[in-house]
Protein chains: 2
Amino acid sequence: MNIGDVARLSGLPAKTIRYYEDIGLITPKRAENGYRRFRESDLHKLSFLGRARSLGFSIEDCRTLLALYEDQSRASADVKALARGHLNKIEAKIAELQQMHDTLSHLVKACHGDDRPDCPILADLATPAET
Amino acid sequence: MNIGDVARLSGLPAKTIRYYEDIGLITPKRAENGYRRFRESDLHKLSFLGRARSLGFSIEDCRTLLALYEDQSRASADVKALARGHLNKIEAKIAELQQMHDTLSHLVKACHGDDRPDCPILADLATPAET
DNA sequence: CATAAGGCTTCCATTCACTGGAAGGTCAAG
DNA sequence: CTTGACCTTCCAGTGAATGGAAGCCTTATG
């Protein structure tokens, strides 16, 4: 398979696939003409990576997950710990965004939004933080 | 005031303040020795920027907000539209993270997390997307 | 007066995970 | 033979800083 084929099948852009080779996540063979030649196992890895990335795992996490996946003697505890750690980060990020959201939606509601300059949003921004 | 003073007072790192000058958000004067000389108005702008950034506004949004803030004849509708747009992005991001969170926490719960290799998290990642 | 500590300057590189684009080689169809 | 779709590499840019090196400037102390 050429890169266009695995791109279609994995749903990843060809650029991204080349990048993944660059950073050593996959190591496709080369044909005589220099084209990358992908095997089923490469495609499988790429799909795995795409799914892991869509769950928000970092590239380094993906590297670890791939290694665990291929290690037949892995402990599921290791996978779970990694996922749990990522989940914690997601939760922290959601909490942070929720905080922004609450503050901002309050301000947006308070702003009458007409052609007058008076604006509670700008007033808040101009006010020293009250943490 | 030197950069260290405004850094302390605004809560922003000196590096960040220099960067803000670089991209034209502030334009402090210079003393004879080459040091940046900040005025009260610069400090005020920096605090404004810090607060806006903490609400997640992009640098370009901050630039616009600052311009609106300084435009005495602004329409509050313009500020509100910008904030509303940002709020939409926050909501989209929260929804995306919440989706990741739901999927991942389900998987984490399903993983027994012991020393056996069997793992529903890896099984999910190895499964083609079902979108 | 010398020196040491701390503050200031600029400039360059790095982060993360791609993405865009240029310049050029390869291949199959008409 | 040419067109167009692929493929290749390499370089640069994204956002928003952050880290570090090399080298002035200032202030306090011995």
# chains A, B, ... in the order shown; residues from 1 in each chain; ligands from 1

$ closest_atom_pairs --of "chain B" --to "chain C" --cutoff "10 Å" --atoms "only C-alpha atoms (C1' of nucleotides)" --output "JSON lines"
{"residue": "B:Asn2", "atom": "CA", "partner": "C:DC8", "partner_atom": "C1'", "distance": 8.7}
{"residue": "B:Ile3", "atom": "CA", "partner": "C:DC8", "partner_atom": "C1'", "distance": 8.4}
{"residue": "B:Gly4", "atom": "CA", "partner": "C:DG7", "partner_atom": "C1'", "distance": 7.9}
{"residue": "B:Asn33", "atom": "CA", "partner": "C:DC8", "partner_atom": "C1'", "distance": 9.4}
{"residue": "B:Gly34", "atom": "CA", "partner": "C:DT9", "partner_atom": "C1'", "distance": 7.3}
{"residue": "B:Tyr35", "atom": "CA", "partner": "C:DC8", "partner_atom": "C1'", "distance": 6.4}
{"residue": "B:Arg36", "atom": "CA", "partner": "C:DC8", "partner_atom": "C1'", "distance": 8.7}

$ interface_residues --of "chain D" --to "chain B" --cutoff "12 Å" --atoms "only C-alpha atoms (C1' of nucleotides)" --output "list in words"
DG15, DA16, DA17, DT18, DG19, DC24, DC25 and DT26 of chain D

$ interface_residues --of "chain B" --to "chain A" --cutoff "6 Å" --atoms "only C-alpha atoms" --output "MDAnalysis selection string"
chainID B and resid 48 51 55 73:77 80 94 100 113:117 119 125:126

$ write_last_selection --atoms "all heavy atoms" --output "short mmCIF file (atom, residue, chain, number, x, y, z; two decimals), in the first residue's frame"
data_model
loop_
_atom_site.label_atom_id
_atom_site.label_comp_id
_atom_site.auth_asym_id
_atom_site.auth_seq_id
_atom_site.Cartn_x
_atom_site.Cartn_y
_atom_site.Cartn_z
N PHE B 48 -5.04 44.30 32.22
CA PHE B 48 -6.16 44.02 31.33
C PHE B 48 -5.87 42.76 30.50
O PHE B 48 -6.69 41.84 30.42
CB PHE B 48 -6.37 45.24 30.43
CG PHE B 48 -7.54 45.17 29.49
CD1 PHE B 48 -8.73 45.83 29.78
CD2 PHE B 48 -7.46 44.47 28.30
CE1 PHE B 48 -9.81 45.78 28.91
CE2 PHE B 48 -8.54 44.41 27.42
CZ PHE B 48 -9.72 45.07 27.72
N ARG B 51 -5.90 39.57 32.57
CA ARG B 51 -7.26 39.14 32.90
C ARG B 51 -7.95 38.53 31.67
O ARG B 51 -8.59 37.49 31.75
CB ARG B 51 -8.05 40.34 33.43
CG ARG B 51 -9.51 40.07 33.71
CD ARG B 51 -9.74 39.64 35.14
NE ARG B 51 -11.16 39.44 35.43
CZ ARG B 51 -11.68 38.27 35.80
NH1 ARG B 51 -10.90 37.21 35.96
NH2 ARG B 51 -12.97 38.15 36.07
N LEU B 55 -9.20 34.54 30.89
CA LEU B 55 -10.53 34.13 30.46
C LEU B 55 -10.46 33.37 29.13
O LEU B 55 -11.48 33.02 28.55
CB LEU B 55 -11.46 35.33 30.34
CG LEU B 55 -11.92 35.94 31.67
CD1 LEU B 55 -12.78 37.16 31.43
CD2 LEU B 55 -12.71 34.89 32.48
N SER B 73 -15.86 55.65 21.75
CA SER B 73 -17.11 55.63 21.01
C SER B 73 -17.48 54.22 20.54
O SER B 73 -18.20 54.04 19.57
CB SER B 73 -17.02 56.58 19.81
OG SER B 73 -16.12 56.04 18.86
N ARG B 74 -16.92 53.23 21.21
CA ARG B 74 -17.24 51.83 20.86
C ARG B 74 -18.72 51.56 21.08
O ARG B 74 -19.40 52.26 21.84
CB ARG B 74 -16.43 50.90 21.76
CG ARG B 74 -16.91 50.98 23.19
CD ARG B 74 -16.13 50.16 24.18
NE ARG B 74 -16.44 50.61 25.54
CZ ARG B 74 -15.64 51.36 26.27
NH1 ARG B 74 -14.48 51.76 25.81
NH2 ARG B 74 -16.02 51.75 27.48
N ALA B 75 -19.19 50.48 20.43
CA ALA B 75 -20.53 49.98 20.73
C ALA B 75 -20.37 48.72 21.57
O ALA B 75 -19.60 47.83 21.22
CB ALA B 75 -21.27 49.65 19.44
N SER B 76 -21.09 48.64 22.67
CA SER B 76 -20.96 47.47 23.54
C SER B 76 -21.35 46.21 22.78
O SER B 76 -20.93 45.10 23.13
CB SER B 76 -21.81 47.63 24.80
OG SER B 76 -23.18 47.64 24.48
N ALA B 77 -22.16 46.36 21.74
CA ALA B 77 -22.54 45.21 20.91
C ALA B 77 -21.32 44.52 20.32
O ALA B 77 -21.28 43.29 20.21
CB ALA B 77 -23.48 45.66 19.79
N LYS B 80 -19.68 42.53 23.05
CA LYS B 80 -20.52 41.37 23.36
C LYS B 80 -20.40 40.29 22.29
O LYS B 80 -20.32 39.09 22.60
CB LYS B 80 -21.97 41.81 23.50
CG LYS B 80 -22.91 40.70 23.97
CD LYS B 80 -24.26 41.25 24.39
CE LYS B 80 -25.16 40.14 24.89
NZ LYS B 80 -26.35 40.68 25.60
N ILE B 94 -15.47 22.35 25.63
CA ILE B 94 -15.95 21.59 26.78
C ILE B 94 -16.69 20.33 26.31
O ILE B 94 -16.48 19.24 26.83
CB ILE B 94 -16.88 22.45 27.67
CG1 ILE B 94 -16.07 23.51 28.42
CG2 ILE B 94 -17.63 21.57 28.67
CD1 ILE B 94 -16.90 24.47 29.26
N MET B 100 -14.61 12.97 25.31
CA MET B 100 -13.41 12.17 25.60
C MET B 100 -13.51 11.60 27.00
O MET B 100 -13.21 10.43 27.24
CB MET B 100 -12.16 13.06 25.55
CG MET B 100 -11.71 13.50 24.18
SD MET B 100 -10.26 14.58 24.36
CE MET B 100 -10.05 15.14 22.68
N GLY B 113 -7.09 -3.55 35.80
CA GLY B 113 -5.86 -2.92 36.31
C GLY B 113 -5.04 -3.80 37.23
O GLY B 113 -4.59 -3.37 38.29
N ASP B 114 -4.79 -5.02 36.79
CA ASP B 114 -3.92 -5.89 37.58
C ASP B 114 -2.69 -6.24 36.74
O ASP B 114 -2.34 -5.50 35.84
CB ASP B 114 -4.68 -7.15 38.03
CG ASP B 114 -5.31 -7.87 36.84
OD1 ASP B 114 -4.82 -7.63 35.69
OD2 ASP B 114 -6.25 -8.64 37.03
N ASP B 115 -2.05 -7.35 37.04
CA ASP B 115 -0.82 -7.66 36.32
C ASP B 115 -1.06 -8.55 35.09
O ASP B 115 -0.11 -8.97 34.45
CB ASP B 115 0.21 -8.31 37.26
CG ASP B 115 -0.35 -9.53 37.95
OD1 ASP B 115 -1.53 -9.88 37.66
OD2 ASP B 115 0.36 -10.15 38.76
N ARG B 116 -2.32 -8.76 34.75
CA ARG B 116 -2.60 -9.53 33.53
C ARG B 116 -2.65 -8.60 32.32
O ARG B 116 -2.97 -7.42 32.47
CB ARG B 116 -3.91 -10.29 33.69
CG ARG B 116 -3.78 -11.50 34.63
CD ARG B 116 -5.16 -12.08 34.91
NE ARG B 116 -6.03 -11.09 35.55
CZ ARG B 116 -7.33 -11.27 35.76
NH1 ARG B 116 -7.93 -12.37 35.36
NH2 ARG B 116 -8.04 -10.34 36.39
N PRO B 117 -2.35 -9.10 31.14
CA PRO B 117 -2.28 -8.25 29.94
C PRO B 117 -3.64 -7.83 29.39
O PRO B 117 -3.74 -6.82 28.69
CB PRO B 117 -1.54 -9.13 28.93
CG PRO B 117 -1.75 -10.53 29.39
CD PRO B 117 -1.90 -10.49 30.87
N CYS B 119 -6.82 -6.13 28.49
CA CYS B 119 -7.15 -4.73 28.77
C CYS B 119 -8.14 -4.13 27.78
O CYS B 119 -7.85 -4.00 26.60
CB CYS B 119 -5.86 -3.91 28.76
SG CYS B 119 -6.15 -2.16 29.02
N LEU B 125 -8.79 0.86 21.62
CA LEU B 125 -7.90 1.61 20.73
C LEU B 125 -7.60 0.82 19.46
O LEU B 125 -7.44 1.39 18.39
CB LEU B 125 -6.59 1.95 21.45
CG LEU B 125 -6.70 2.95 22.59
CD1 LEU B 125 -5.38 3.12 23.31
CD2 LEU B 125 -7.21 4.28 22.08
N ALA B 126 -7.55 -0.49 19.59
CA ALA B 126 -7.22 -1.33 18.44
C ALA B 126 -8.43 -1.58 17.56
O ALA B 126 -8.32 -2.21 16.50
CB ALA B 126 -6.65 -2.66 18.94
#

$ select_by_dssp --residues "region 2-130 of chain A" --states "helix (DSSP H, G or I)" --output "ChimeraX atom specification"
/A:3-10,14-22,40-54,59-70,76-110,120-125
